[in-house]
>>> print(open('query15.csv').read())   # CSV, N, CA and C atoms
chain,number,residue,atom,x,y,z
I,43,MET,N,105.0,109.2,75.9
I,43,MET,CA,104.1,108.1,76.5
I,43,MET,C,104.9,106.9,76.9
I,44,ASN,N,106.0,106.6,76.1
I,44,ASN,CA,106.8,105.4,76.5
I,44,ASN,C,107.4,105.5,77.8
I,45,VAL,N,107.9,106.7,78.2
I,45,VAL,CA,108.5,106.9,79.5
I,45,VAL,C,107.5,106.6,80.6
I,46,TYR,N,106.3,107.2,80.4
I,46,TYR,CA,105.2,107.0,81.4
I,46,TYR,C,104.8,105.5,81.5
I,47,LYS,N,104.8,104.8,80.4
I,47,LYS,CA,104.4,103.4,80.4
I,47,LYS,C,105.4,102.6,81.3
I,48,GLU,N,106.7,103.0,81.2
I,48,GLU,CA,107.8,102.3,81.9
I,48,GLU,C,107.6,102.5,83.4
I,49,ILE,N,107.1,103.6,83.9
I,49,ILE,CA,107.0,103.9,85.3
I,49,ILE,C,105.6,103.8,85.9
I,50,GLN,N,104.6,103.7,85.1
I,50,GLN,CA,103.2,103.8,85.5
I,50,GLN,C,102.8,102.8,86.7
I,51,TYR,N,103.3,101.6,86.6
I,51,TYR,CA,103.0,100.6,87.7
I,51,TYR,C,103.6,101.1,89.0
I,52,ASP,N,104.8,101.5,89.0
I,52,ASP,CA,105.5,102.0,90.2
I,52,ASP,C,104.8,103.2,90.7
I,53,LEU,N,104.5,104.2,89.8
I,53,LEU,CA,103.9,105.4,90.2
I,53,LEU,C,102.6,105.2,90.9
I,54,HIS,N,101.7,104.3,90.3
I,54,HIS,CA,100.4,104.1,90.8
I,54,HIS,C,100.3,103.1,92.0
I,55,SER,N,101.4,102.4,92.2
I,55,SER,CA,101.5,101.5,93.3
I,55,SER,C,101.7,102.1,94.7
I,56,GLY,N,102.1,103.4,94.7
I,56,GLY,CA,102.3,104.1,96.0
I,56,GLY,C,101.0,104.6,96.5
I,57,VAL,N,101.1,105.2,97.7
I,57,VAL,CA,100.0,105.9,98.3
I,57,VAL,C,100.0,107.3,97.8
I,58,ILE,N,98.9,107.7,97.2
I,58,ILE,CA,98.9,108.9,96.4
I,58,ILE,C,98.0,110.0,97.2
I,59,PHE,N,98.6,111.1,97.4
I,59,PHE,CA,97.9,112.2,98.1
I,59,PHE,C,98.0,113.5,97.2
I,60,PRO,N,97.0,114.4,97.4
I,60,PRO,CA,97.1,115.7,96.7
I,60,PRO,C,98.1,116.6,97.4
I,61,ILE,N,98.8,117.5,96.7
I,61,ILE,CA,99.7,118.5,97.3
I,61,ILE,C,99.4,119.8,96.7
I,62,GLY,N,99.9,120.9,97.4
I,62,GLY,CA,99.7,122.2,96.8
I,62,GLY,C,98.3,122.8,97.1
I,63,TYR,N,97.8,123.5,96.2
I,63,TYR,CA,96.6,124.2,96.3
I,63,TYR,C,95.4,123.5,95.5
I,64,ILE,N,94.2,123.9,95.9
I,64,ILE,CA,93.1,123.3,95.1
I,64,ILE,C,93.2,123.8,93.7
I,65,PRO,N,93.0,122.9,92.7
I,65,PRO,CA,93.0,123.4,91.3
I,65,PRO,C,92.0,124.4,91.1
I,66,SER,N,92.4,125.5,90.5
I,66,SER,CA,91.4,126.6,90.2
I,66,SER,C,91.6,127.2,88.8
I,67,GLY,N,92.6,126.7,88.1
I,67,GLY,CA,93.0,127.3,86.8
I,67,GLY,C,94.1,128.3,87.0
I,68,LYS,N,94.4,128.7,88.2
I,68,LYS,CA,95.4,129.8,88.5
I,68,LYS,C,96.3,129.4,89.6
I,69,SER,N,96.4,128.2,90.0
I,69,SER,CA,97.1,127.8,91.2
I,69,SER,C,98.3,126.9,90.8
I,70,TRP,N,99.0,126.5,91.9
I,70,TRP,CA,100.0,125.4,91.8
I,70,TRP,C,99.4,124.2,92.5
I,71,THR,N,99.4,123.1,91.9
I,71,THR,CA,98.8,121.9,92.5
I,71,THR,C,99.5,120.6,92.0
I,72,GLY,N,99.1,119.5,92.5
I,72,GLY,CA,99.7,118.3,92.1
I,72,GLY,C,99.4,117.1,93.0
I,73,PHE,N,100.2,116.1,92.9
I,73,PHE,CA,100.1,114.8,93.6
I,73,PHE,C,101.4,114.3,94.1
I,74,GLN,N,101.4,113.6,95.2
I,74,GLN,CA,102.6,112.9,95.7
I,74,GLN,C,102.3,111.4,95.8
I,75,SER,N,103.1,110.6,95.2
I,75,SER,CA,103.0,109.1,95.4
I,75,SER,C,104.1,108.7,96.3
I,76,ILE,N,103.8,108.0,97.4
I,76,ILE,CA,104.7,107.8,98.5
I,76,ILE,C,105.1,106.3,98.7
I,77,TYR,N,106.3,106.0,98.8
I,77,TYR,CA,106.9,104.7,99.0
I,77,TYR,C,107.8,104.8,100.2
I,78,ASP,N,108.5,103.7,100.5
I,78,ASP,CA,109.5,103.7,101.6
I,78,ASP,C,110.8,104.1,101.0
I,79,GLY,N,111.2,105.4,101.3
I,79,GLY,CA,112.5,105.9,100.8
I,79,GLY,C,112.5,106.6,99.5
I,80,TYR,N,111.3,106.6,98.8
I,80,TYR,CA,111.3,107.3,97.5
I,80,TYR,C,109.8,107.5,97.2
I,81,GLY,N,109.6,108.2,96.0
I,81,GLY,CA,108.2,108.4,95.6
I,81,GLY,C,108.2,109.3,94.3
I,82,TYR,N,107.1,109.9,94.0
I,82,TYR,CA,106.9,110.7,92.8
I,82,TYR,C,106.2,112.0,93.2
I,83,PHE,N,106.5,113.1,92.5
I,83,PHE,CA,105.7,114.3,92.6
I,83,PHE,C,105.2,114.6,91.1
I,84,LEU,N,103.9,114.9,91.0
I,84,LEU,CA,103.4,115.5,89.7
I,84,LEU,C,103.1,116.9,90.1
I,85,ILE,N,103.8,117.8,89.5
I,85,ILE,CA,103.6,119.3,89.8
I,85,ILE,C,103.0,120.0,88.6
I,86,LEU,N,101.9,120.7,88.9
I,86,LEU,CA,101.2,121.4,87.8
I,86,LEU,C,101.1,122.9,88.2
I,87,ARG,N,101.7,123.7,87.3
I,87,ARG,CA,101.6,125.2,87.4
I,87,ARG,C,100.5,125.6,86.4
I,88,GLU,N,99.4,126.1,87.0
I,88,GLU,CA,98.3,126.5,86.2
I,88,GLU,C,98.6,127.9,85.7
I,89,ASN,N,97.7,128.7,85.2
I,89,ASN,CA,97.8,130.0,84.6
I,89,ASN,C,98.1,131.0,85.7
I,90,ASN,N,99.3,131.2,86.1
I,90,ASN,CA,99.6,132.3,87.1
I,90,ASN,C,101.1,132.8,86.8
I,91,LYS,N,101.4,133.9,87.4
I,91,LYS,CA,102.7,134.6,87.1
I,91,LYS,C,103.9,134.1,87.9
I,92,ASN,N,103.6,133.2,89.0
I,92,ASN,CA,104.7,132.8,89.8
I,92,ASN,C,105.5,131.6,89.2
I,93,LYS,N,106.8,131.9,88.9
I,93,LYS,CA,107.7,130.8,88.4
I,93,LYS,C,108.1,129.8,89.4
I,94,SER,N,108.0,130.1,90.7
I,94,SER,CA,108.4,129.2,91.7
I,94,SER,C,107.3,129.3,92.8
I,95,LYS,N,107.1,128.1,93.5
I,95,LYS,CA,106.1,128.1,94.6
I,95,LYS,C,106.5,127.0,95.6
I,96,GLN,N,106.3,127.3,96.9
I,96,GLN,CA,106.5,126.4,97.9
I,96,GLN,C,105.2,125.6,98.1
I,97,LEU,N,105.2,124.3,97.9
I,97,LEU,CA,104.0,123.5,98.1
I,97,LEU,C,104.1,122.6,99.3
I,98,HIS,N,103.0,122.5,100.1
I,98,HIS,CA,103.0,121.6,101.2
I,98,HIS,C,102.9,120.2,100.7
I,99,THR,N,103.9,119.4,101.1
I,99,THR,CA,104.0,118.0,100.7
I,99,THR,C,103.7,117.1,101.9
I,100,TRP,N,103.8,115.8,101.7
I,100,TRP,CA,103.6,114.8,102.8
I,100,TRP,C,105.0,114.4,103.3
I,101,LEU,N,106.1,115.1,103.0
I,101,LEU,CA,107.4,114.8,103.6
I,101,LEU,C,107.5,115.3,105.0
I,102,LYS,N,108.2,114.6,105.8
I,102,LYS,CA,108.5,115.0,107.2
I,102,LYS,C,109.4,116.2,107.2
I,103,PRO,N,109.2,117.2,108.1
I,103,PRO,CA,110.0,118.4,108.2
I,103,PRO,C,111.5,118.0,108.3
I,104,GLY,N,112.3,118.7,107.5
I,104,GLY,CA,113.8,118.5,107.5
I,104,GLY,C,114.3,117.3,106.6
I,105,THR,N,113.3,116.7,105.9
I,105,THR,CA,113.7,115.5,105.0
I,105,THR,C,114.5,116.1,103.8
I,106,ASP,N,115.7,115.5,103.6
I,106,ASP,CA,116.5,115.8,102.4
I,106,ASP,C,116.1,114.9,101.3
I,107,ILE,N,115.8,115.5,100.1
I,107,ILE,CA,115.4,114.7,98.9
I,107,ILE,C,116.2,115.1,97.7
I,108,LYS,N,116.4,114.1,96.8
I,108,LYS,CA,117.0,114.3,95.5
I,108,LYS,C,115.9,114.1,94.5
I,109,LEU,N,115.7,115.0,93.6
I,109,LEU,CA,114.6,114.9,92.6
I,109,LEU,C,115.1,114.8,91.2
I,110,GLU,N,114.6,113.8,90.5
I,110,GLU,CA,115.0,113.5,89.1
I,110,GLU,C,113.8,113.7,88.2
I,111,LYS,N,113.9,114.6,87.3
I,111,LYS,CA,112.8,114.9,86.3
I,111,LYS,C,112.6,113.7,85.4
I,112,ILE,N,111.4,113.2,85.4
I,112,ILE,CA,111.0,112.1,84.5
I,112,ILE,C,110.3,112.6,83.2
I,113,LEU,N,109.4,113.5,83.4
I,113,LEU,CA,108.6,114.1,82.2
I,113,LEU,C,108.4,115.6,82.5
I,114,GLY,N,108.1,116.3,81.4
I,114,GLY,CA,107.7,117.7,81.5
I,114,GLY,C,108.8,118.7,81.6
I,115,GLU,N,108.6,119.8,82.3
I,115,GLU,CA,109.5,120.9,82.4
I,115,GLU,C,110.3,120.8,83.7
I,116,GLY,N,111.3,121.7,83.8
I,116,GLY,CA,112.1,121.7,85.1
I,116,GLY,C,113.4,120.9,85.0
I,117,ASP,N,114.1,121.0,86.1
I,117,ASP,CA,115.4,120.4,86.2
I,117,ASP,C,115.5,119.5,87.4
I,118,ASN,N,116.5,118.6,87.4
I,118,ASN,CA,116.9,117.8,88.5
I,118,ASN,C,117.3,118.8,89.6
I,119,PHE,N,117.0,118.5,90.9
I,119,PHE,CA,117.5,119.3,92.0
I,119,PHE,C,117.4,118.6,93.3
I,120,GLN,N,118.0,119.2,94.3
I,120,GLN,CA,118.0,118.6,95.7
I,120,GLN,C,117.2,119.7,96.6
I,121,ALA,N,116.5,119.2,97.6
I,121,ALA,CA,115.8,120.1,98.5
I,121,ALA,C,115.7,119.5,99.9
I,122,LYS,N,115.3,120.4,100.8
I,122,LYS,CA,115.1,120.0,102.2
I,122,LYS,C,113.7,120.5,102.5
I,123,ALA,N,112.8,119.5,103.0
I,123,ALA,CA,111.5,119.9,103.4
I,123,ALA,C,111.5,120.9,104.5
I,124,GLY,N,110.6,121.9,104.5
I,124,GLY,CA,110.5,122.9,105.5
I,124,GLY,C,109.8,122.4,106.7
I,125,GLU,N,109.5,123.4,107.6
I,125,GLU,CA,108.9,123.0,108.9
I,125,GLU,C,107.6,122.3,108.8
I,126,GLU,N,106.9,122.6,107.7
I,126,GLU,CA,105.6,121.9,107.5
I,126,GLU,C,105.6,121.0,106.3
I,127,GLY,N,106.8,120.5,106.0
I,127,GLY,CA,107.0,119.6,104.8
I,127,GLY,C,107.0,120.3,103.5
I,128,GLN,N,107.0,121.6,103.5
I,128,GLN,CA,106.9,122.3,102.2
I,128,GLN,C,108.2,122.2,101.4
I,129,THR,N,108.1,122.2,100.1
I,129,THR,CA,109.2,122.1,99.2
I,129,THR,C,109.0,123.1,98.0
I,130,SER,N,110.0,123.8,97.6
I,130,SER,CA,109.9,124.7,96.5
I,130,SER,C,110.1,124.0,95.1
I,131,PHE,N,109.2,124.4,94.2
I,131,PHE,CA,109.3,123.9,92.8
I,131,PHE,C,109.3,125.1,91.9
I,132,THR,N,110.0,124.9,90.7
I,132,THR,CA,110.1,126.0,89.7
I,132,THR,C,109.7,125.4,88.4
I,133,LEU,N,108.8,126.1,87.7
I,133,LEU,CA,108.4,125.8,86.3
I,133,LEU,C,108.3,127.2,85.6
I,134,GLU,N,109.1,127.3,84.6
I,134,GLU,CA,109.2,128.6,83.9
I,134,GLU,C,108.0,129.1,83.2
I,135,ALA,N,107.3,128.1,82.6
I,135,ALA,CA,106.1,128.5,81.8
I,135,ALA,C,104.8,128.3,82.5
I,136,GLU,N,103.9,129.2,82.2
I,136,GLU,CA,102.5,129.0,82.7
I,136,GLU,C,101.9,127.8,82.1
I,137,ASN,N,101.0,127.2,82.8
I,137,ASN,CA,100.3,126.0,82.3
I,137,ASN,C,101.3,124.9,81.9
I,138,SER,N,102.2,124.6,82.8
I,138,SER,CA,103.2,123.6,82.5
I,138,SER,C,103.2,122.6,83.7
I,139,TYR,N,103.9,121.5,83.5
I,139,TYR,CA,104.0,120.4,84.5
I,139,TYR,C,105.3,119.8,84.6
I,140,SER,N,105.6,119.0,85.7
I,140,SER,CA,106.7,118.2,85.8
I,140,SER,C,106.4,117.0,86.6
I,141,LEU,N,106.9,115.9,86.2
I,141,LEU,CA,106.8,114.6,87.0
I,141,LEU,C,108.2,114.3,87.4
I,142,TYR,N,108.4,114.3,88.8
I,142,TYR,CA,109.7,114.0,89.4
I,142,TYR,C,109.6,112.6,90.1
I,143,LYS,N,110.7,111.9,90.1
I,143,LYS,CA,110.9,110.8,91.0
I,143,LYS,C,111.8,111.4,92.1
I,144,TYR,N,111.5,111.2,93.4
I,144,TYR,CA,112.3,111.7,94.4
I,144,TYR,C,112.9,110.5,95.3
I,145,LYS,N,114.0,110.7,95.8
I,145,LYS,CA,114.6,109.7,96.8
I,145,LYS,C,115.0,110.5,98.0
I,146,ILE,N,114.7,109.9,99.2
I,146,ILE,CA,115.1,110.5,100.4
I,146,ILE,C,116.6,110.2,100.6
I,147,VAL,N,117.4,111.3,100.9
I,147,VAL,CA,118.8,111.2,101.1
I,147,VAL,C,119.1,111.1,102.6
I,148,GLN,N,119.8,110.0,102.9
I,148,GLN,CA,120.0,109.8,104.4
I,148,GLN,C,121.3,110.3,104.8
>>> encode(input="query15.csv", output="structure tokens")
Amino acid sequence: MNVYKEIQYDLHSGVIFPIGYIPSGKSWTGFQSIYDGYGYFLILRENNKNKSKQLHTWLKPGTDIKLEKILGEGDNFQAKAGEEGQTSFTLEAENSYSLYKYKIVQ
């Protein structure tokens, strides 16, 4: 909770949009908080067998990002948004989550 308290103002000050799929109890879903040059992803893997999933985000196609895990599961990584802004995320366990801070790499 202390880590969340440290970032909550920054996280909630961005423009927040849903990403991924409609929550169904068996999907990959989440939210993206957008700023100028950085933001946050809250990624939720519900009860399903897929350890990785490409989620449609609000990133422009071809955007390079560096992701730092703030809370939950997963690792830090770098990615490039696909043709429709999609980005791949990995969570090993069913019913798990990760909160990432991302920075756009220029």
>>> select_by_dssp(input="query15.csv", residues="range 55-84 of chain I", states="strand (DSSP E or B)", output="ChimeraX atom specification")
/I:57-62,70-76,80-84
>>> residues_around(input="query15.csv", residues="Gly72 in chain I", least_positions_apart="5", cutoff="5 Å", atoms="only N, CA and C atoms", output="list in words")
Pro60, Ile61, Leu84, Ile85 and Leu86 of chain I
>>> write_last_selection(input="query15.csv", atoms="N, CA and C atoms", output="compact mmCIF listing (two decimals), keeping the file's coordinate frame")
# COMPACT_ATOMS: atom_id res chain seq x y z
N PRO I 60 97.00 114.40 97.40
CA PRO I 60 97.10 115.70 96.70
C PRO I 60 98.10 116.60 97.40
N ILE I 61 98.80 117.50 96.70
CA ILE I 61 99.70 118.50 97.30
C ILE I 61 99.40 119.80 96.70
N LEU I 84 103.90 114.90 91.00
CA LEU I 84 103.40 115.50 89.70
C LEU I 84 103.10 116.90 90.10
N ILE I 85 103.80 117.80 89.50
CA ILE I 85 103.60 119.30 89.80
C ILE I 85 103.00 120.00 88.60
N LEU I 86 101.90 120.70 88.90
CA LEU I 86 101.20 121.40 87.80
C LEU I 86 101.10 122.90 88.20
>>> atom_distance(input="query15.csv", atom1="CA of Thr99 in chain I", atom2="CA of Thr71 in chain I")
10.5 Å
>>> residues_around(input="query15.csv", residues="Gln96 in chain I", least_positions_apart="4", cutoff="6.5 Å", atoms="all atoms listed in the file", output="ChimeraX atom specification")
/I:128-131
>>> select_by_dssp(input="query15.csv", residues="chain I", states="helix (DSSP H, G or I)", output="mmCIF file with N, CA and C atoms, keeping the file's coordinate frame")
data_model
loop_
_atom_site.group_PDB
_atom_site.id
_atom_site.type_symbol
_atom_site.label_atom_id
_atom_site.label_comp_id
_atom_site.auth_asym_id
_atom_site.auth_seq_id
_atom_site.Cartn_x
_atom_site.Cartn_y
_atom_site.Cartn_z
ATOM 1 N N ASN I 44 106.000 106.600 76.100
ATOM 2 C CA ASN I 44 106.800 105.400 76.500
ATOM 3 C C ASN I 44 107.400 105.500 77.800
ATOM 4 N N VAL I 45 107.900 106.700 78.200
ATOM 5 C CA VAL I 45 108.500 106.900 79.500
ATOM 6 C C VAL I 45 107.500 106.600 80.600
ATOM 7 N N TYR I 46 106.300 107.200 80.400
ATOM 8 C CA TYR I 46 105.200 107.000 81.400
ATOM 9 C C TYR I 46 104.800 105.500 81.500
ATOM 10 N N LYS I 47 104.800 104.800 80.400
ATOM 11 C CA LYS I 47 104.400 103.400 80.400
ATOM 12 C C LYS I 47 105.400 102.600 81.300
ATOM 13 N N GLU I 48 106.700 103.000 81.200
ATOM 14 C CA GLU I 48 107.800 102.300 81.900
ATOM 15 C C GLU I 48 107.600 102.500 83.400
ATOM 16 N N ILE I 49 107.100 103.600 83.900
ATOM 17 C CA ILE I 49 107.000 103.900 85.300
ATOM 18 C C ILE I 49 105.600 103.800 85.900
ATOM 19 N N GLN I 50 104.600 103.700 85.100
ATOM 20 C CA GLN I 50 103.200 103.800 85.500
ATOM 21 C C GLN I 50 102.800 102.800 86.700
ATOM 22 N N TYR I 51 103.300 101.600 86.600
ATOM 23 C CA TYR I 51 103.000 100.600 87.700
ATOM 24 C C TYR I 51 103.600 101.100 89.000
ATOM 25 N N ASP I 52 104.800 101.500 89.000
ATOM 26 C CA ASP I 52 105.500 102.000 90.200
ATOM 27 C C ASP I 52 104.800 103.200 90.700
ATOM 28 N N LEU I 53 104.500 104.200 89.800
ATOM 29 C CA LEU I 53 103.900 105.400 90.200
ATOM 30 C C LEU I 53 102.600 105.200 90.900
ATOM 31 N N HIS I 54 101.700 104.300 90.300
ATOM 32 C CA HIS I 54 100.400 104.100 90.800
ATOM 33 C C HIS I 54 100.300 103.100 92.000
ATOM 34 N N SER I 55 101.400 102.400 92.200
ATOM 35 C CA SER I 55 101.500 101.500 93.300
ATOM 36 C C SER I 55 101.700 102.100 94.700
#
>>> residues_near_point(input="query15.csv", point="(117.4, 107.5, 101.6)", cutoff="8 Å", atoms="only N, CA and C atoms", output="PyMOL selection string")
chain I and resi 78-80+106-107+145-148
>>> atom_distance(input="query15.csv", atom1="CA of Glu88 in chain I", atom2="atom N of Tyr51 in chain I")
25.4 Å
>>> closest_residue(input="query15.csv", among="I:Gly124, I:Glu134, I:Phe73, I:Phe119", to="Lys91 in chain I", atoms="only N, CA and C atoms")
I:Glu134
>>> residues_around(input="query15.csv", residues="Leu113 in chain I", least_positions_apart="6", cutoff="12 Å", atoms="only C-alpha atoms", output="MDAnalysis selection string")
chainID I and resid 43:49 82:86 138:143
>>> closest_residue(input="query15.csv", among="I:Asn137, I:Tyr63, I:Ala123, I:Trp100", to="Arg87 in chain I", atoms="all atoms listed in the file")
I:Asn137
>>> atom_distance(input="query15.csv", atom1="CA of Asn89 in chain I", atom2="atom C of Ala135 in chain I")
7.5 Å
>>> axis_aligned_box(input="query15.csv", around="range 60-72 of chain I", padding_each_side="4 Å", output="AutoDock Vina command-line options")
--center_x 95.7 --center_y 122.1 --center_z 92.1 --size_x 16.6 --size_y 23.4 --size_z 18.6
>>> closest_residue(input="query15.csv", among="I:Gln74, I:Thr132, I:Tyr144, I:Leu97", to="Gln120 in chain I", atoms="only C-alpha atoms")
I:Tyr144
>>> closest_residue(input="query15.csv", among="I:Gly81, I:Glu110, I:Glu136, I:Thr105", to="Gly56 in chain I", atoms="all atoms listed in the file")
I:Gly81
>>> closest_residue(input="query15.csv", among="I:Tyr77, I:Leu53, I:His98, I:Leu109", to="Glu125 in chain I", atoms="only C-alpha atoms")
I:His98
>>> decode(input="query15.csv", residues="range 79-89 of chain I", atoms="all heavy atoms", output="PDB file, in the first residue's frame")
ATOM      1  N   GLY I  79       4.688  11.836 -22.604  1.00  0.00           N
ATOM      2  CA  GLY I  79       5.973  11.152 -22.544  1.00  0.00           C
ATOM      3  C   GLY I  79       6.048   9.972 -21.596  1.00  0.00           C
ATOM      4  O   GLY I  79       7.041   9.252 -21.589  1.00  0.00           O
ATOM      5  N   TYR I  80       5.018   9.763 -20.788  1.00  0.00           N
ATOM      6  CA  TYR I  80       5.008   8.600 -19.890  1.00  0.00           C
ATOM      7  C   TYR I  80       3.574   8.311 -19.448  1.00  0.00           C
ATOM      8  O   TYR I  80       2.639   9.023 -19.808  1.00  0.00           O
ATOM      9  CB  TYR I  80       5.926   8.813 -18.681  1.00  0.00           C
ATOM     10  CG  TYR I  80       5.380   9.740 -17.614  1.00  0.00           C
ATOM     11  CD1 TYR I  80       4.827   9.210 -16.452  1.00  0.00           C
ATOM     12  CD2 TYR I  80       5.411  11.116 -17.759  1.00  0.00           C
ATOM     13  CE1 TYR I  80       4.329  10.050 -15.471  1.00  0.00           C
ATOM     14  CE2 TYR I  80       4.920  11.960 -16.786  1.00  0.00           C
ATOM     15  CZ  TYR I  80       4.378  11.415 -15.629  1.00  0.00           C
ATOM     16  OH  TYR I  80       3.883  12.246 -14.667  1.00  0.00           O
ATOM     17  N   GLY I  81       3.427   7.271 -18.664  1.00  0.00           N
ATOM     18  CA  GLY I  81       2.106   6.910 -18.156  1.00  0.00           C
ATOM     19  C   GLY I  81       2.189   5.628 -17.344  1.00  0.00           C
ATOM     20  O   GLY I  81       3.281   5.201 -16.940  1.00  0.00           O
ATOM     21  N   TYR I  82       1.039   5.020 -17.140  1.00  0.00           N
ATOM     22  CA  TYR I  82       0.949   3.791 -16.346  1.00  0.00           C
ATOM     23  C   TYR I  82       0.046   2.789 -17.055  1.00  0.00           C
ATOM     24  O   TYR I  82      -0.911   3.167 -17.736  1.00  0.00           O
ATOM     25  CB  TYR I  82       0.347   4.080 -14.964  1.00  0.00           C
ATOM     26  CG  TYR I  82       1.208   4.946 -14.096  1.00  0.00           C
ATOM     27  CD1 TYR I  82       1.104   6.329 -14.137  1.00  0.00           C
ATOM     28  CD2 TYR I  82       2.137   4.376 -13.220  1.00  0.00           C
ATOM     29  CE1 TYR I  82       1.895   7.133 -13.324  1.00  0.00           C
ATOM     30  CE2 TYR I  82       2.927   5.170 -12.415  1.00  0.00           C
ATOM     31  CZ  TYR I  82       2.810   6.545 -12.473  1.00  0.00           C
ATOM     32  OH  TYR I  82       3.603   7.336 -11.675  1.00  0.00           O
ATOM     33  N   PHE I  83       0.344   1.503 -16.869  1.00  0.00           N
ATOM     34  CA  PHE I  83      -0.523   0.409 -17.290  1.00  0.00           C
ATOM     35  C   PHE I  83      -0.869  -0.412 -16.054  1.00  0.00           C
ATOM     36  O   PHE I  83       0.032  -0.832 -15.327  1.00  0.00           O
ATOM     37  CB  PHE I  83       0.184  -0.543 -18.264  1.00  0.00           C
ATOM     38  CG  PHE I  83       0.372  -0.019 -19.647  1.00  0.00           C
ATOM     39  CD1 PHE I  83       1.648   0.166 -20.153  1.00  0.00           C
ATOM     40  CD2 PHE I  83      -0.710   0.246 -20.465  1.00  0.00           C
ATOM     41  CE1 PHE I  83       1.844   0.627 -21.436  1.00  0.00           C
ATOM     42  CE2 PHE I  83      -0.530   0.710 -21.756  1.00  0.00           C
ATOM     43  CZ  PHE I  83       0.752   0.896 -22.243  1.00  0.00           C
ATOM     44  N   LEU I  84      -2.143  -0.658 -15.833  1.00  0.00           N
ATOM     45  CA  LEU I  84      -2.595  -1.651 -14.862  1.00  0.00           C
ATOM     46  C   LEU I  84      -3.091  -2.826 -15.685  1.00  0.00           C
ATOM     47  O   LEU I  84      -4.063  -2.697 -16.447  1.00  0.00           O
ATOM     48  CB  LEU I  84      -3.715  -1.111 -13.976  1.00  0.00           C
ATOM     49  CG  LEU I  84      -4.325  -2.135 -13.014  1.00  0.00           C
ATOM     50  CD1 LEU I  84      -3.277  -2.673 -12.039  1.00  0.00           C
ATOM     51  CD2 LEU I  84      -5.502  -1.538 -12.267  1.00  0.00           C
ATOM     52  N   ILE I  85      -2.396  -3.956 -15.602  1.00  0.00           N
ATOM     53  CA  ILE I  85      -2.692  -5.143 -16.397  1.00  0.00           C
ATOM     54  C   ILE I  85      -3.271  -6.220 -15.486  1.00  0.00           C
ATOM     55  O   ILE I  85      -2.687  -6.530 -14.442  1.00  0.00           O
ATOM     56  CB  ILE I  85      -1.411  -5.680 -17.084  1.00  0.00           C
ATOM     57  CG1 ILE I  85      -0.716  -4.587 -17.889  1.00  0.00           C
ATOM     58  CG2 ILE I  85      -1.725  -6.907 -17.935  1.00  0.00           C
ATOM     59  CD1 ILE I  85      -1.541  -3.980 -18.995  1.00  0.00           C
ATOM     60  N   LEU I  86      -4.406  -6.790 -15.890  1.00  0.00           N
ATOM     61  CA  LEU I  86      -5.073  -7.831 -15.111  1.00  0.00           C
ATOM     62  C   LEU I  86      -5.246  -9.083 -15.962  1.00  0.00           C
ATOM     63  O   LEU I  86      -5.898  -9.037 -17.014  1.00  0.00           O
ATOM     64  CB  LEU I  86      -6.456  -7.340 -14.653  1.00  0.00           C
ATOM     65  CG  LEU I  86      -6.450  -6.032 -13.868  1.00  0.00           C
ATOM     66  CD1 LEU I  86      -7.821  -5.400 -13.863  1.00  0.00           C
ATOM     67  CD2 LEU I  86      -5.953  -6.271 -12.463  1.00  0.00           C
ATOM     68  N   ARG I  87      -4.646 -10.175 -15.510  1.00  0.00           N
ATOM     69  CA  ARG I  87      -4.867 -11.471 -16.146  1.00  0.00           C
ATOM     70  C   ARG I  87      -5.902 -12.194 -15.298  1.00  0.00           C
ATOM     71  O   ARG I  87      -5.640 -12.591 -14.161  1.00  0.00           O
ATOM     72  CB  ARG I  87      -3.580 -12.286 -16.202  1.00  0.00           C
ATOM     73  CG  ARG I  87      -3.815 -13.683 -16.765  1.00  0.00           C
ATOM     74  CD  ARG I  87      -2.582 -14.546 -16.712  1.00  0.00           C
ATOM     75  NE  ARG I  87      -2.930 -15.926 -17.048  1.00  0.00           N
ATOM     76  CZ  ARG I  87      -2.116 -16.955 -16.885  1.00  0.00           C
ATOM     77  NH1 ARG I  87      -0.897 -16.765 -16.418  1.00  0.00           N
ATOM     78  NH2 ARG I  87      -2.511 -18.166 -17.205  1.00  0.00           N
ATOM     79  N   GLU I  88      -7.071 -12.370 -15.878  1.00  0.00           N
ATOM     80  CA  GLU I  88      -8.113 -13.083 -15.152  1.00  0.00           C
ATOM     81  C   GLU I  88      -7.861 -14.589 -15.265  1.00  0.00           C
ATOM     82  O   GLU I  88      -6.758 -15.007 -15.609  1.00  0.00           O
ATOM     83  CB  GLU I  88      -9.482 -12.667 -15.712  1.00  0.00           C
ATOM     84  CG  GLU I  88      -9.754 -11.185 -15.473  1.00  0.00           C
ATOM     85  CD  GLU I  88     -11.080 -10.714 -15.985  1.00  0.00           C
ATOM     86  OE1 GLU I  88     -11.485 -11.105 -17.102  1.00  0.00           O
ATOM     87  OE2 GLU I  88     -11.725  -9.953 -15.271  1.00  0.00           O
ATOM     88  N   ASN I  89      -8.832 -15.398 -14.984  1.00  0.00           N
ATOM     89  CA  ASN I  89      -8.692 -16.853 -14.944  1.00  0.00           C
ATOM     90  C   ASN I  89      -8.661 -17.429 -16.366  1.00  0.00           C
ATOM     91  O   ASN I  89      -9.692 -17.789 -16.914  1.00  0.00           O
ATOM     92  CB  ASN I  89      -9.848 -17.449 -14.138  1.00  0.00           C
ATOM     93  CG  ASN I  89      -9.676 -18.928 -13.892  1.00  0.00           C
ATOM     94  OD1 ASN I  89      -8.586 -19.453 -14.003  1.00  0.00           O
ATOM     95  ND2 ASN I  89     -10.770 -19.591 -13.562  1.00  0.00           N
TER      96      ASN I  89
END
